file target.csv (CSV, C-alpha atoms)
chain,number,residue,atom,x,y,z
A,1,MET,CA,-11.3,36.9,-16.9
A,2,PRO,CA,-9.8,34.2,-19.2
A,3,SER,CA,-8.2,31.3,-17.2
A,4,THR,CA,-4.8,31.8,-18.8
A,5,ASP,CA,-4.7,35.5,-17.8
A,6,ARG,CA,-5.8,34.7,-14.3
A,7,ARG,CA,-3.1,32.0,-14.0
A,8,THR,CA,-0.4,34.5,-15.1
A,9,ILE,CA,-1.5,37.0,-12.6
A,10,LEU,CA,-1.6,34.5,-9.7
A,11,SER,CA,1.9,33.2,-10.7
A,12,THR,CA,3.2,36.8,-10.8
A,13,ALA,CA,1.8,37.6,-7.4
A,14,SER,CA,3.2,34.4,-5.9
A,15,LEU,CA,6.7,35.1,-7.3
A,16,ALA,CA,6.6,38.7,-6.3
A,17,ALA,CA,5.8,37.7,-2.7
A,18,ALA,CA,8.5,35.0,-2.6
A,19,TRP,CA,11.3,37.0,-4.2
A,20,GLY,CA,10.4,40.7,-3.7
A,21,LEU,CA,10.2,41.1,-7.5
A,22,ILE,CA,7.9,43.4,-9.5
A,23,GLY,CA,7.0,42.3,-13.0
A,24,SER,CA,5.6,39.5,-15.0
A,25,SER,CA,5.8,35.8,-14.2
A,26,PRO,CA,9.3,34.4,-14.9
A,27,THR,CA,10.0,32.6,-18.1
A,28,ALA,CA,13.1,31.2,-19.8
A,29,GLY,CA,13.6,34.8,-21.1
A,30,GLN,CA,12.8,36.6,-17.9
A,31,GLN,CA,13.9,34.6,-14.8
A,32,PRO,CA,14.1,35.6,-11.2
A,33,ASP,CA,17.4,36.4,-9.4
A,34,ALA,CA,19.1,33.1,-8.3
A,35,GLU,CA,20.5,35.0,-5.3
A,36,GLY,CA,17.0,35.7,-4.0
A,37,THR,CA,15.9,35.6,-0.4
A,38,SER,CA,14.3,32.6,1.3
A,39,PRO,CA,10.6,32.0,0.6
A,40,ARG,CA,8.4,34.1,2.9
A,41,ARG,CA,5.8,31.5,3.7
A,42,GLY,CA,7.8,28.2,3.9
A,43,ARG,CA,4.7,26.2,4.6
A,44,ILE,CA,5.9,23.6,2.0
A,45,ARG,CA,9.1,22.0,3.2
A,46,GLN,CA,11.0,22.1,-0.1
A,47,SER,CA,13.9,19.9,-1.1
A,48,VAL,CA,15.8,19.2,-4.3
A,49,MET,CA,16.8,16.1,-6.1
A,50,GLY,CA,20.5,16.2,-6.9
A,51,TRP,CA,20.7,14.0,-10.0
A,52,CYS,CA,18.5,16.5,-12.0
A,53,PHE,CA,21.0,19.3,-11.6
A,54,LYS,CA,24.2,17.5,-12.7
A,55,PRO,CA,26.8,18.5,-13.7
A,56,MET,CA,26.4,21.0,-10.8
A,57,PRO,CA,28.5,19.6,-7.9
A,58,ALA,CA,26.4,18.3,-5.0
A,59,LEU,CA,27.7,20.8,-2.4
A,60,GLU,CA,27.3,23.7,-4.8
A,61,LEU,CA,23.7,22.7,-5.3
A,62,ALA,CA,23.3,22.3,-1.5
A,63,ARG,CA,24.7,25.8,-0.9
A,64,LEU,CA,22.5,27.2,-3.6
A,65,GLY,CA,19.4,25.5,-2.2
A,66,LYS,CA,20.2,26.8,1.3
A,67,ARG,CA,20.5,30.4,0.0
A,68,LEU,CA,17.2,30.0,-1.9
A,69,GLY,CA,15.3,28.7,1.2
A,70,LEU,CA,15.3,25.0,0.7
A,71,VAL,CA,15.3,22.9,3.9
A,72,ALA,CA,16.6,19.6,2.4
A,73,ILE,CA,18.3,17.8,-0.4
A,74,GLU,CA,18.2,14.2,-1.7
A,75,GLY,CA,19.6,12.1,-4.5
A,76,ILE,CA,23.3,12.9,-3.9
A,77,ASP,CA,26.3,10.8,-3.0
A,78,ARG,CA,26.2,9.8,0.7
A,79,LYS,CA,29.8,11.0,1.1
A,80,PHE,CA,28.4,14.5,1.0
A,81,TYR,CA,25.8,14.0,3.8
A,82,PRO,CA,28.0,15.2,6.7
A,83,GLN,CA,28.8,18.5,4.9
A,84,VAL,CA,25.2,19.0,3.8
A,85,ARG,CA,24.1,18.6,7.4
A,86,GLU,CA,26.7,21.1,8.5
A,87,LEU,CA,25.1,23.5,6.1
A,88,GLY,CA,21.9,23.1,8.0
A,89,LEU,CA,20.0,21.1,5.3
A,90,ASP,CA,18.2,17.9,6.0
A,91,ILE,CA,18.5,14.7,3.9
A,92,SER,CA,14.9,14.3,2.9
A,93,LEU,CA,15.3,10.9,1.3
A,94,VAL,CA,18.0,8.2,1.2
A,95,SER,CA,18.4,6.2,-2.0
A,96,SER,CA,18.6,2.4,-1.9
A,97,HIS,CA,18.3,-0.1,-4.7
A,98,GLY,CA,17.6,1.2,-8.2
A,99,PHE,CA,14.2,1.3,-10.0
A,100,ALA,CA,15.3,-1.5,-12.4
A,101,THR,CA,16.6,-4.1,-9.8
A,102,GLY,CA,13.5,-4.5,-7.7
A,103,PRO,CA,11.6,-7.2,-5.7
A,104,VAL,CA,9.4,-8.2,-8.6
A,105,ASP,CA,12.1,-10.7,-9.4
A,106,PRO,CA,12.9,-13.0,-6.5
A,107,GLU,CA,16.5,-13.3,-7.6
A,108,ASN,CA,16.9,-9.6,-6.6
A,109,HIS,CA,15.5,-10.1,-3.1
A,110,PRO,CA,18.9,-10.6,-1.3
A,111,GLN,CA,20.3,-7.5,-2.9
A,112,VAL,CA,17.2,-5.4,-2.3
A,113,ILE,CA,17.0,-6.4,1.3
A,114,GLU,CA,20.7,-5.7,1.9
A,115,GLN,CA,20.5,-2.3,0.2
A,116,LEU,CA,17.3,-1.3,2.0
A,117,THR,CA,18.8,-2.3,5.3
A,118,GLN,CA,22.0,-0.3,4.7
A,119,ALA,CA,19.9,2.7,3.6
A,120,ILE,CA,17.8,2.5,6.8
A,121,ASP,CA,21.0,2.6,8.8
A,122,VAL,CA,22.2,5.7,6.9
A,123,ALA,CA,18.9,7.4,7.4
A,124,VAL,CA,19.2,6.9,11.1
A,125,GLU,CA,22.7,8.2,11.2
A,126,TYR,CA,21.8,11.4,9.4
A,127,GLY,CA,18.3,11.9,10.7
A,128,SER,CA,16.5,11.3,7.4
A,129,PRO,CA,12.9,10.1,7.7
A,130,ASN,CA,12.6,8.2,4.4
A,131,VAL,CA,14.3,5.5,2.3
A,132,ILE,CA,13.1,5.1,-1.3
A,133,THR,CA,12.1,1.7,-2.8
A,134,PHE,CA,10.7,0.6,-6.1
A,135,THR,CA,8.9,-2.4,-7.6
A,136,GLY,CA,11.5,-3.0,-10.3
A,137,MET,CA,10.8,-4.0,-13.9
A,138,ARG,CA,8.3,-6.6,-15.2
A,139,VAL,CA,9.6,-10.1,-15.7
A,140,ALA,CA,8.6,-11.7,-19.0
A,141,GLY,CA,5.8,-14.2,-18.5
A,142,MET,CA,5.2,-13.4,-14.9
A,143,ALA,CA,1.6,-12.8,-13.8
A,144,ASP,CA,0.8,-9.5,-12.1
A,145,ALA,CA,-0.5,-11.4,-9.0
A,146,THR,CA,2.8,-13.2,-8.7
A,147,ALA,CA,4.8,-10.0,-9.1
A,148,GLN,CA,2.8,-8.4,-6.4
A,149,ARG,CA,3.4,-11.3,-4.0
A,150,ASN,CA,7.1,-11.2,-4.7
A,151,CYS,CA,7.2,-7.5,-3.9
A,152,LEU,CA,5.3,-7.9,-0.6
A,153,ARG,CA,7.3,-10.9,0.5
A,154,CYS,CA,10.6,-9.0,0.0
A,155,TRP,CA,9.5,-5.8,1.7
A,156,LYS,CA,8.1,-7.7,4.6
A,157,GLN,CA,11.5,-9.0,5.4
A,158,VAL,CA,12.8,-5.5,6.0
A,159,VAL,CA,9.9,-3.4,7.1
A,160,GLY,CA,10.2,-4.6,10.6
A,161,TYR,CA,13.7,-3.2,10.8
A,162,ALA,CA,12.4,0.1,9.4
A,163,GLU,CA,9.7,0.2,12.1
A,164,GLU,CA,12.3,-0.5,14.8
A,165,LYS,CA,14.5,2.3,13.5
A,166,GLY,CA,11.7,4.8,12.9
A,167,VAL,CA,12.4,5.1,9.2
A,168,THR,CA,9.7,5.1,6.5
A,169,LEU,CA,10.1,3.1,3.2
A,170,VAL,CA,8.4,5.0,0.4
A,171,LEU,CA,7.4,3.2,-2.7
A,172,GLU,CA,7.7,5.3,-5.9
A,173,HIS,CA,5.2,5.1,-8.7
A,174,LEU,CA,6.9,5.7,-12.1
A,175,ASN,CA,5.4,6.3,-15.5
A,176,SER,CA,6.0,3.7,-18.3
A,177,ARG,CA,4.7,5.8,-21.2
A,178,ASP,CA,7.6,8.2,-21.9
A,179,ASP,CA,10.4,6.5,-23.7
A,180,SER,CA,12.2,9.7,-24.9
A,181,HIS,CA,14.8,9.8,-22.1
A,182,PRO,CA,16.0,7.2,-19.5
A,183,MET,CA,14.8,9.4,-16.6
A,184,LYS,CA,11.7,10.9,-18.1
A,185,GLY,CA,9.9,7.5,-18.2
A,186,HIS,CA,10.5,3.9,-17.5
A,187,PRO,CA,9.0,1.5,-20.0
A,188,GLY,CA,8.5,-1.9,-18.4
A,189,TYR,CA,8.3,-0.7,-14.8
A,190,PHE,CA,5.9,-2.8,-12.9
A,191,GLY,CA,4.6,-0.2,-10.5
A,192,ASP,CA,3.3,2.2,-13.2
A,193,ASP,CA,-0.2,2.3,-11.9
A,194,VAL,CA,-0.5,4.6,-8.8
A,195,ASP,CA,-3.5,2.7,-7.6
A,196,LEU,CA,-1.6,-0.6,-7.7
A,197,CYS,CA,1.2,1.0,-5.7
A,198,ALA,CA,-1.3,2.3,-3.2
A,199,ASP,CA,-2.8,-1.2,-2.9
A,200,LEU,CA,0.6,-2.6,-2.2
A,201,VAL,CA,1.2,0.0,0.5
A,202,ARG,CA,-2.1,-0.9,2.1
A,203,ARG,CA,-1.3,-4.6,2.0
A,204,MET,CA,2.0,-4.0,3.7
A,205,ASP,CA,-0.1,-2.6,6.6
A,206,SER,CA,2.8,-0.8,8.2
A,207,PRO,CA,3.0,2.9,9.4
A,208,ARG,CA,6.6,2.7,8.1
A,209,PHE,CA,5.7,1.8,4.5
A,210,LYS,CA,4.1,4.6,2.4
A,211,LEU,CA,3.6,5.9,-1.1
A,212,LEU,CA,6.0,8.3,-2.9
A,213,PHE,CA,3.6,10.5,-4.9
A,214,ASP,CA,5.5,11.8,-7.9
A,215,ILE,CA,3.2,14.5,-9.3
A,216,TYR,CA,4.9,14.3,-12.7
A,217,HIS,CA,4.6,10.5,-13.1
A,218,VAL,CA,1.0,10.5,-11.8
A,219,GLN,CA,0.1,13.2,-14.4
A,220,VAL,CA,1.7,11.2,-17.3
A,221,MET,CA,-0.1,7.9,-16.3
A,222,HIS,CA,-3.3,9.1,-14.9
A,223,GLY,CA,-3.9,12.9,-14.4
A,224,ASP,CA,-6.5,14.1,-11.9
A,225,VAL,CA,-3.7,14.9,-9.6
A,226,ILE,CA,-5.4,16.8,-6.9
A,227,ARG,CA,-8.3,14.4,-6.5
A,228,ARG,CA,-5.8,11.5,-6.3
A,229,LEU,CA,-3.6,13.1,-3.7
A,230,ARG,CA,-6.6,14.0,-1.6
A,231,SER,CA,-7.8,10.4,-1.8
A,232,LEU,CA,-4.4,8.8,-1.1
A,233,HIS,CA,-3.1,11.3,1.4
A,234,PRO,CA,-3.3,9.0,4.5
A,235,ILE,CA,-0.6,6.7,2.9
A,236,ILE,CA,1.6,9.4,1.2
A,237,GLY,CA,5.0,9.8,2.7
A,238,HIS,CA,6.8,12.0,0.2
A,239,TYR,CA,6.3,14.1,-3.0
A,240,HIS,CA,8.3,14.9,-6.1
A,241,THR,CA,7.6,17.6,-8.7
A,242,ALA,CA,8.3,18.3,-12.4
A,243,GLY,CA,6.6,19.8,-15.3
A,244,ASN,CA,4.8,17.7,-17.9
A,245,PRO,CA,5.5,17.0,-20.8
A,246,GLY,CA,9.3,16.8,-20.7
A,247,ARG,CA,10.0,16.6,-16.9
A,248,CYS,CA,11.0,20.3,-17.3
A,249,GLU,CA,10.6,23.4,-15.1
A,250,ILE,CA,7.2,23.9,-13.5
A,251,ASP,CA,6.6,27.1,-15.5
A,252,GLU,CA,3.8,28.2,-17.9
A,253,ASN,CA,5.1,26.1,-20.8
A,254,GLN,CA,3.8,22.8,-19.3
A,255,GLU,CA,0.4,21.6,-18.3
A,256,LEU,CA,0.4,21.3,-14.5
A,257,ASN,CA,-0.6,24.2,-12.3
A,258,TYR,CA,1.5,23.8,-9.2
A,259,PRO,CA,0.2,26.4,-6.7
A,260,PRO,CA,-3.3,24.8,-6.3
A,261,ILE,CA,-1.6,21.4,-6.1
A,262,MET,CA,0.6,22.7,-3.3
A,263,ARG,CA,-2.4,24.2,-1.5
A,264,ALA,CA,-4.2,20.8,-1.8
A,265,ILE,CA,-1.2,19.1,-0.3
A,266,LEU,CA,-1.3,21.5,2.7
A,267,GLU,CA,-5.0,21.0,3.1
A,268,THR,CA,-4.5,17.3,3.6
A,269,GLY,CA,-2.4,18.1,6.7
A,270,TYR,CA,0.8,16.8,5.0
A,271,SER,CA,4.0,18.1,6.8
A,272,GLY,CA,6.7,16.1,5.0
A,273,TYR,CA,9.0,17.1,2.2
A,274,VAL,CA,8.2,18.1,-1.4
A,275,ALA,CA,11.3,17.6,-3.6
A,276,GLN,CA,11.9,19.5,-6.8
A,277,GLU,CA,12.8,16.8,-9.3
A,278,PHE,CA,12.7,18.5,-12.7
A,279,ILE,CA,15.4,18.5,-15.4
A,280,PRO,CA,16.4,22.1,-16.0
A,281,THR,CA,16.1,23.5,-19.5
A,282,TRP,CA,16.7,27.2,-18.9
A,283,PRO,CA,20.1,28.5,-19.6
A,284,ASP,CA,20.8,29.0,-15.8
A,285,PRO,CA,19.7,26.0,-13.7
A,286,ALA,CA,20.0,28.1,-10.6
A,287,LYS,CA,17.2,30.4,-11.9
A,288,SER,CA,15.1,27.4,-12.7
A,289,LEU,CA,15.4,26.2,-9.1
A,290,ALA,CA,14.7,29.7,-7.8
A,291,HIS,CA,11.6,29.9,-9.9
A,292,ALA,CA,10.3,26.5,-8.8
A,293,ILE,CA,10.7,27.4,-5.1
A,294,GLY,CA,8.7,30.5,-5.7
A,295,VAL,CA,5.9,28.8,-7.5
A,296,CYS,CA,5.6,26.2,-4.7
A,297,ASP,CA,5.8,28.6,-1.8
A,298,VAL,CA,2.1,28.9,-1.3

call {"tool": "encode", "arguments": {"input": "target.csv", "output": "structure tokens"}}
result
Amino acid sequence: MPSTDRRTILSTASLAAAWGLIGSSPTAGQQPDAEGTSPRRGRIRQSVMGWCFKPMPALELARLGKRLGLVAIEGIDRKFYPQVRELGLDISLVSSHGFATGPVDPENHPQVIEQLTQAIDVAVEYGSPNVITFTGMRVAGMADATAQRNCLRCWKQVVGYAEEKGVTLVLEHLNSRDDSHPMKGHPGYFGDDVDLCADLVRRMDSPRFKLLFDIYHVQVMHGDVIRRLRSLHPIIGHYHTAGNPGRCEIDENQELNYPPIMRAILETGYSGYVAQEFIPTWPDPAKSLAHAIGVCDV
């Protein structure tokens, strides 16, 4: 059987099981009902990144996610956290300093430390396990070894507090290749090599400092996603999804095949969150999210 036909059949079976649908794999022209039931397996603890679905209001997205079977949300204004928790959703990740203002530059250290510390306190208050961190952008003329030392020196001033509070800092690797959109790629980002980020995590030598493995960014920069996540799984603390190219839906119009990626994640013993972080292109973003949840419900 040709691989493309086999992939379509598997996708169809997965979605039929998840949504009780009969028919072909959903596309932009044939999309699943956004009012579908919760995924029937639920082995992947799925979340959604709020910024991707703007201008949909945060609480509207949270209610939609709850109906669709998500267990968490992230990337929304903290003022909505109490209401999100009342809905029964977790906060899978608390934001901190941005990806541009990072510890590569020592001038940013006071701000980064303050924002990470505040985010840890918020995570404790709302029961979130993770706070995100970034390397920041390259500084002109700064050697890589110096940039690495700057990052480690900054993080080591706050990781003890994270350990004390039982919160994990997760370092996100970002691609620097895509310059088509400010959130599809980040030219100039220092931590654009996932192996470099993994090395920084290991050098931190803390159970409360791990890698955020963004499947989309890893694919753009490196590929070989399944082999990499299997190799790095002991230090992975969080996952993000998106289709490539374009950071779009995880449908048949992009190059990543998500069901085997999700199965590989489960095989490593990972039990944390996998957050949907694609930018919807379908006419109905709710159907985009419903589709993605079905695809990842392996």

call {"tool": "residues_around", "arguments": {"input": "target.csv", "residues": "range 72-86 of chain A", "least_positions_apart": "4", "cutoff": "10 Å", "atoms": "all atoms listed in the file", "output": "ChimeraX atom specification"}}
result
/A:45-52,54,57-59,61-63,65-66,90-95,119,122,125-128,273-277

call {"tool": "residues_around", "arguments": {"input": "target.csv", "residues": "Ile261 in chain A", "least_positions_apart": "4", "cutoff": "7 Å", "atoms": "all atoms listed in the file", "output": "JSON list (two decimals) with C-alpha atoms, in the frame of the given file"}}
result
[["chain", "number", "residue", "atom", "x", "y", "z"],
["A", 226, "ILE", "CA", -5.40, 16.80, -6.90],
["A", 257, "ASN", "CA", -0.60, 24.20, -12.30],
["A", 265, "ILE", "CA", -1.20, 19.10, -0.30]]

call {"tool": "closest_residue", "arguments": {"input": "target.csv", "among": "A:Leu174, A:Val131, A:Ala290, A:Ile250", "to": "His217 in chain A", "atoms": "all atoms listed in the file"}}
result
A:Leu174

call {"tool": "closest_atom_pairs", "arguments": {"input": "target.csv", "of": "range 68-181 of chain A", "to": "range 197-216 of chain A", "cutoff": "10 Å", "atoms": "all atoms listed in the file", "output": "tab-separated table"}}
result
residue	atom	partner	partner_atom	distance
A:Pro129	CA	A:Arg208	CA	9.7
A:Asn130	CA	A:Arg208	CA	8.9
A:Val131	CA	A:Phe209	CA	9.6
A:Ile132	CA	A:Leu212	CA	8.0
A:Thr133	CA	A:Leu212	CA	9.0
A:Phe134	CA	A:Cys197	CA	9.5
A:Thr135	CA	A:Cys197	CA	8.6
A:Gln148	CA	A:Leu200	CA	7.5
A:Arg149	CA	A:Leu200	CA	9.3
A:Cys151	CA	A:Leu200	CA	8.4
A:Leu152	CA	A:Met204	CA	6.7
A:Arg153	CA	A:Met204	CA	9.3
A:Trp155	CA	A:Met204	CA	8.0
A:Lys156	CA	A:Met204	CA	7.2
A:Val159	CA	A:Arg208	CA	7.0
A:Gly160	CA	A:Arg208	CA	8.5
A:Tyr161	CA	A:Arg208	CA	9.6
A:Ala162	CA	A:Arg208	CA	6.5
A:Glu163	CA	A:Arg208	CA	5.6
A:Glu164	CA	A:Arg208	CA	9.4
A:Lys165	CA	A:Arg208	CA	9.6
A:Gly166	CA	A:Arg208	CA	7.3
A:Val167	CA	A:Arg208	CA	6.4
A:Thr168	CA	A:Arg208	CA	4.2
A:Leu169	CA	A:Phe209	CA	4.8
A:Val170	CA	A:Lys210	CA	4.8
A:Leu171	CA	A:Leu211	CA	4.9
A:Glu172	CA	A:Leu212	CA	4.6
A:His173	CA	A:Cys197	CA	6.5
A:Leu174	CA	A:Asp214	CA	7.5
A:Asn175	CA	A:Tyr216	CA	8.5

call {"tool": "atom_distance", "arguments": {"input": "target.csv", "atom1": "CA of Pro103 in chain A", "atom2": "CA of Ala147 in chain A"}}
result
8.1 Å

call {"tool": "closest_residue", "arguments": {"input": "target.csv", "among": "A:Trp282, A:Thr268, A:Arg227, A:Arg263", "to": "Cys248 in chain A", "atoms": "all atoms listed in the file"}}
result
A:Trp282

call {"tool": "closest_residue", "arguments": {"input": "target.csv", "among": "A:Arg138, A:Ala292, A:Ile235, A:Asp178", "to": "Gly102 in chain A", "atoms": "only C-alpha atoms"}}
result
A:Arg138

call {"tool": "atom_distance", "arguments": {"input": "target.csv", "atom1": "CA of Met221 in chain A", "atom2": "CA of Asn244 in chain A"}}
result
11.1 Å

call {"tool": "atom_distance", "arguments": {"input": "target.csv", "atom1": "CA of Glu255 in chain A", "atom2": "CA of Ser271 in chain A"}}
result
25.6 Å

call {"tool": "residues_around", "arguments": {"input": "target.csv", "residues": "Thr281 in chain A", "least_positions_apart": "4", "cutoff": "9 Å", "atoms": "all atoms listed in the file", "output": "ChimeraX atom specification"}}
result
/A:28,248-249,285,288

call {"tool": "closest_residue", "arguments": {"input": "target.csv", "among": "A:Met56, A:Val298, A:Met142, A:Val220", "to": "Leu266 in chain A", "atoms": "only C-alpha atoms"}}
result
A:Val298

call {"tool": "closest_residue", "arguments": {"input": "target.csv", "among": "A:Gly69, A:Gly141, A:Pro280, A:Pro187", "to": "Asp251 in chain A", "atoms": "all atoms listed in the file"}}
result
A:Pro280
